[in-house]
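Asker: Okay, here's the structure, questions in a sec.
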Amino acid sequence: MHLPVLNVAASDIPERMLVVGDPDRALRVAARLEDRVEIGRFREYVTLAGRHRGVEVGVVSHGVGAAGAAVCFDELFQAGVRRVIRAGSCGGMQDDVLDGHLVIVTAAVRNDGLTPQLVPEGYPAAASPDIVAALRRAARGSENIHEGLALTNAVFYSNEIMGSNLRLWQKAGVKAVEMECAALFVMAGLAGRECGAILTVDGNPLVERDEEMTGYDPHREVVREAVGRMIGIALDALVADPP
């Protein structure tokens with residue numbers, strides 16, 4: 001079977017995959033793999049495979065936002081992928097979730113704009129407990145690790161007409177805001193596959209009093225260093241056996 005949007009043969013996709021938004025981050029992940037090979041490149045979707053700790057794994061980029069990412073996730077599950085971990089970026093939502101920190105996501109608020117067209121409103125977007133535990137074990141000893149809820153938002157730059165909903169979700173205890181986890185968690189739940197996510201904080205619009213994101217700059221060394229730590233944790237969790 002050929003996967004038309006990823007533009008790869010389903011048989012070339014490993015059963016364990018990292019998913020990332022940025023094609024350059026996919027290349028950065030692949031640089032850590034043994035026997036790495038590029039198996040697909042179309043639109044924002046760059047797919048590579050290799051081995052980590054002797055286990056066959058892969059990585060694919062999915063771009064920004066739930067709609068485009070869902071196409072990627074759907075084709076991965078069509079190909080028989082059993083475990084998917086998102087290694088992405090996010091904004092911090094609590095006062096102690098700051099630049100360069102990492103967030104292990106346990107579940108996501110479904111404000112993504114896509115999943116209401118897949119399942120009813122009450123359907124949960126939850127990470128697999130075994131994957132959360134694997135990420136927690138892989139992150140042991142690493143500094144500035146948080147664990148909890150993410151807000152998956154469809155909007156990156158808010159408009160003054162509707163304003164920002166970040167303060168509301170901050171009060172509800174949400175740790176981070178991003179754009180794809182809810183779609184991954186819902187689709188994995190429907191497909192009966194394992195899923196999880198670990199995210200790098202590249203700013204905190206509430207602490208910085210910048211909900212309009214006018215000062216947003218993810219291209220800093222503190223973020224790059226944290227992304228490197230995140231990739232290592234995500235790969236180790238991807239190949240970990242259940243406890």
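Residue numbers start at 1 in each chain; chains themselves are named A, B, ... in the order of the structure tokens; ligands are numbered from 1 in the order shown.
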Sorted by chain and rising residue number, which residues of range 24-100 of chain A lie within 12 Å of range 125-143 of chain A, and what are their closest atom pairs and distances in Å to one decimal, counting only C-alpha atoms, as JSON lines?

Answerer:
{"residue": "A:Arg82", "atom": "CA", "partner": "A:Ser128", "partner_atom": "CA", "distance": 11.7}
{"residue": "A:Arg83", "atom": "CA", "partner": "A:Ile131", "partner_atom": "CA", "distance": 8.6}
{"residue": "A:Val84", "atom": "CA", "partner": "A:Ile131", "partner_atom": "CA", "distance": 9.1}
{"residue": "A:Ile85", "atom": "CA", "partner": "A:Ile131", "partner_atom": "CA", "distance": 8.0}
{"residue": "A:Arg86", "atom": "CA", "partner": "A:Ala127", "partner_atom": "CA", "distance": 10.5}
{"residue": "A:Ala87", "atom": "CA", "partner": "A:Leu135", "partner_atom": "CA", "distance": 10.9}
{"residue": "A:Val97", "atom": "CA", "partner": "A:Glu143", "partner_atom": "CA", "distance": 12.0}
{"residue": "A:Gly100", "atom": "CA", "partner": "A:Glu143", "partner_atom": "CA", "distance": 9.8}

Asker: Counting only C-alpha atoms, what is within 6 Å of range 170-176 of chain A, bar same-chain residues fewer than 3 positions away, as an NGL selection string?

Answerer: :A and (91-94 or 149-150 or 167)

Asker: Can you write just those residues out, N, CA, C and O atoms, as a PDB file, in the first residue's frame?

Answerer:
ATOM      1  N   GLY A  91       3.969  26.681  24.337  1.00  0.00           N
ATOM      2  CA  GLY A  91       4.079  27.824  25.216  1.00  0.00           C
ATOM      3  C   GLY A  91       3.757  27.404  26.631  1.00  0.00           C
ATOM      4  O   GLY A  91       2.857  26.596  26.857  1.00  0.00           O
ATOM      5  N   GLY A  92       4.497  27.915  27.599  1.00  0.00           N
ATOM      6  CA  GLY A  92       4.171  27.636  28.990  1.00  0.00           C
ATOM      7  C   GLY A  92       2.893  28.351  29.393  1.00  0.00           C
ATOM      8  O   GLY A  92       2.590  29.446  28.907  1.00  0.00           O
ATOM      9  N   MET A  93       2.137  27.744  30.318  1.00  0.00           N
ATOM     10  CA  MET A  93       0.866  28.327  30.752  1.00  0.00           C
ATOM     11  C   MET A  93       0.838  28.640  32.246  1.00  0.00           C
ATOM     12  O   MET A  93      -0.018  29.383  32.701  1.00  0.00           O
ATOM     13  N   GLN A  94       1.750  28.049  32.998  1.00  0.00           N
ATOM     14  CA  GLN A  94       1.833  28.317  34.427  1.00  0.00           C
ATOM     15  C   GLN A  94       3.094  29.131  34.720  1.00  0.00           C
ATOM     16  O   GLN A  94       4.042  29.130  33.925  1.00  0.00           O
ATOM     17  N   LEU A 149      -1.574  18.645  31.782  1.00  0.00           N
ATOM     18  CA  LEU A 149      -2.460  18.902  30.654  1.00  0.00           C
ATOM     19  C   LEU A 149      -1.871  19.909  29.680  1.00  0.00           C
ATOM     20  O   LEU A 149      -1.179  20.851  30.072  1.00  0.00           O
ATOM     21  N   ALA A 150      -2.169  19.708  28.409  1.00  0.00           N
ATOM     22  CA  ALA A 150      -1.866  20.701  27.371  1.00  0.00           C
ATOM     23  C   ALA A 150      -3.165  21.193  26.761  1.00  0.00           C
ATOM     24  O   ALA A 150      -4.134  20.434  26.641  1.00  0.00           O
ATOM     25  N   ARG A 167      -5.858  32.716  29.640  1.00  0.00           N
ATOM     26  CA  ARG A 167      -6.026  32.940  31.078  1.00  0.00           C
ATOM     27  C   ARG A 167      -7.033  31.961  31.675  1.00  0.00           C
ATOM     28  O   ARG A 167      -6.852  31.451  32.797  1.00  0.00           O
TER      29      ARG A 167
END

Asker: Can you list, as a VMD selection string, all residues belonging to range 2-145 of chain A that DSSP tags as helix (DSSP H, G or I)?

Answerer: chain A and resid 10 to 12 23 to 30 66 to 78 115 to 117 129 to 138

Asker: Using 8 Å as the limit and counting only C-alpha atoms, can you tabulate each residue of range 59-131 of chain A that touches range 44-48 of chain A, with its shortest atom-to-atom distance in Å and the two atoms involved, as a tab-separated table?

Answerer:
residue	atom	partner	partner_atom	distance
A:Val59	CA	A:Leu48	CA	5.4
A:Val60	CA	A:Thr47	CA	4.3
A:Ser61	CA	A:Tyr45	CA	5.0
A:His62	CA	A:Tyr45	CA	5.5
A:Gly63	CA	A:Glu44	CA	5.6
A:Cys72	CA	A:Tyr45	CA	7.7

Asker: Between A:Arg25, A:Arg16, A:Arg43, A:Arg32, single out the one closest to Val71 in chain A, counting only C-alpha atoms.

Answerer: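 Nearest to Val71 in chain A: A:Arg43.
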
Asker: Find the residues near Arg53 in chain A: any atom within 9 Å, counting only C-alpha atoms, skip ones fewer than 2 places away on the same chain, and give them as a ChimeraX atom specification.

Answerer: /A:33-34,51,55-56,236,239

Asker: Skip His101 in chain A itself and residues of its chain fewer than 2 positions away, then list as number ranges by chain all residues within 6 Å of it, counting only C-alpha atoms.

Answerer: A: 98-99, 144, 201

Asker: Please produce a file of the residues just selected, as a CSV table (one decimal), in the first residue's frame, where the atoms kept are N, CA and C atoms.

Answerer:
chain,number,residue,atom,x,y,z
A,98,LEU,N,8.6,27.5,32.0
A,98,LEU,CA,9.4,28.6,31.4
A,98,LEU,C,10.2,28.1,30.3
A,99,ASP,N,10.8,29.1,29.6
A,99,ASP,CA,11.7,28.8,28.5
A,99,ASP,C,12.7,27.7,28.8
A,144,ASN,N,14.0,20.6,35.2
A,144,ASN,CA,12.9,21.4,34.6
A,144,ASN,C,11.9,20.6,33.8
A,201,VAL,N,9.3,24.0,25.9
A,201,VAL,CA,8.7,25.4,26.1
A,201,VAL,C,9.6,26.4,25.4

Asker: To one decimal place in Å, what is the distance between CA of Arg229 in chain A and CA of Pro205 in chain A?

Answerer: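 That distance, rounded to one decimal, is 22.5 Å.
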
Asker: Using only C-alpha atoms, can you tell me which of A:Asn159, A:Thr106, A:Ser89, A:Gln78 comes closest to Thr200 in chain A?

Answerer: A:Ser89

Asker: Suppose you want the space between CA of Ala237 in chain A and CA of Val5 in chain A; what is it in Å?

Answerer: 27.0 Å

Asker: Which one of A:Gly50, A:Gly122, A:Gly163, A:Gly148 sits closest to Leu18 in chain A if you count only C-alpha atoms?

Answerer: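 Of the candidates, the smallest distance to Leu18 in chain A is held by A:Gly50.
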
Asker: Just to confirm, what's the straight-line distance from CA of Ala67 in chain A to CA of Ile233 in chain A in Å (one decimal)?

Answerer: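 Between these atoms lies a distance of 26.5 Å.
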
Asker: Skip Phe73 in chain A itself and residues of its chain fewer than 2 positions away, then list as a list in words all residues within 9 Å of it, counting only C-alpha atoms.

Answerer: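 Here the answer would be Val19, His62, Ala69, Ala70, Val71, Glu75, Leu76, Phe77, Gln78, Val84, Ala183, Leu184, Met187 and Ala188 of chain A.
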
Asker: Suppose we keep C-alpha atoms; can you now write the selection as a compact mmCIF listing (two decimals), in the first residue's frame?

Answerer:
# COMPACT_ATOMS: atom_id res chain seq x y z
CA VAL A 19 6.22 12.95 15.03
CA HIS A 62 3.63 17.07 10.20
CA ALA A 69 -1.05 16.77 11.28
CA ALA A 70 -4.13 14.54 11.29
CA VAL A 71 -3.45 13.52 7.70
CA GLU A 75 -1.61 7.48 7.29
CA LEU A 76 0.76 6.29 10.02
CA PHE A 77 -2.02 4.26 11.58
CA GLN A 78 -3.05 2.94 8.16
CA VAL A 84 3.59 7.39 18.28
CA ALA A 183 -5.65 15.26 17.36
CA LEU A 184 -2.94 12.64 17.93
CA MET A 187 -6.91 9.41 16.59
CA ALA A 188 -4.67 6.99 18.47

Asker: Show which residues sit within 9 Å of Arg28 in chain A, as a short mmCIF file (atom, residue, chain, number, x, y, z; two decimals) with C-alpha atoms, in the first residue's frame. Count only C-alpha atoms, and ignore same-chain residues fewer than 4 positions away.

Answerer:
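Result file is part03.cif:
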data_model
loop_
_atom_site.label_atom_id
_atom_site.label_comp_id
_atom_site.auth_asym_id
_atom_site.auth_seq_id
_atom_site.Cartn_x
_atom_site.Cartn_y
_atom_site.Cartn_z
CA PRO A 23 10.98 19.18 8.94
CA ASP A 24 14.35 20.44 10.20
CA ARG A 32 20.81 10.49 16.13
CA GLY A 228 18.05 18.30 22.11
CA ILE A 231 14.63 14.38 21.43
#

Asker: Which is closer to Asp74 in chain A than all the others in A:Pro4, A:Gly196, A:Gly232, A:Pro218, using only C-alpha atoms?

Answerer: A:Pro4

Asker: Tell me which of A:Ala31, A:Ala49, A:Val119, A:Ala79 sits closest to Gly189 in chain A, counting only C-alpha atoms.

Answerer: A:Val119

Asker: Could you please write out, as a ChimeraX atom specification, every residue of range 31-231 of chain A that DSSP assigns to strand (DSSP E)?

Answerer: /A:34-42,45-52,55-61,83-92,102-111,145-153,176-178,194-201

Asker: Taking into account only C-alpha atoms, which residue in the set A:Gly203, A:Glu160, A:Ala26, A:Gly21 is nearest to Gly215 in chain A?

Answerer: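 Checking each of A:Gly203, A:Glu160, A:Ala26, A:Gly21 against Gly215 in chain A, counting only C-alpha atoms, the winner is A:Gly203.
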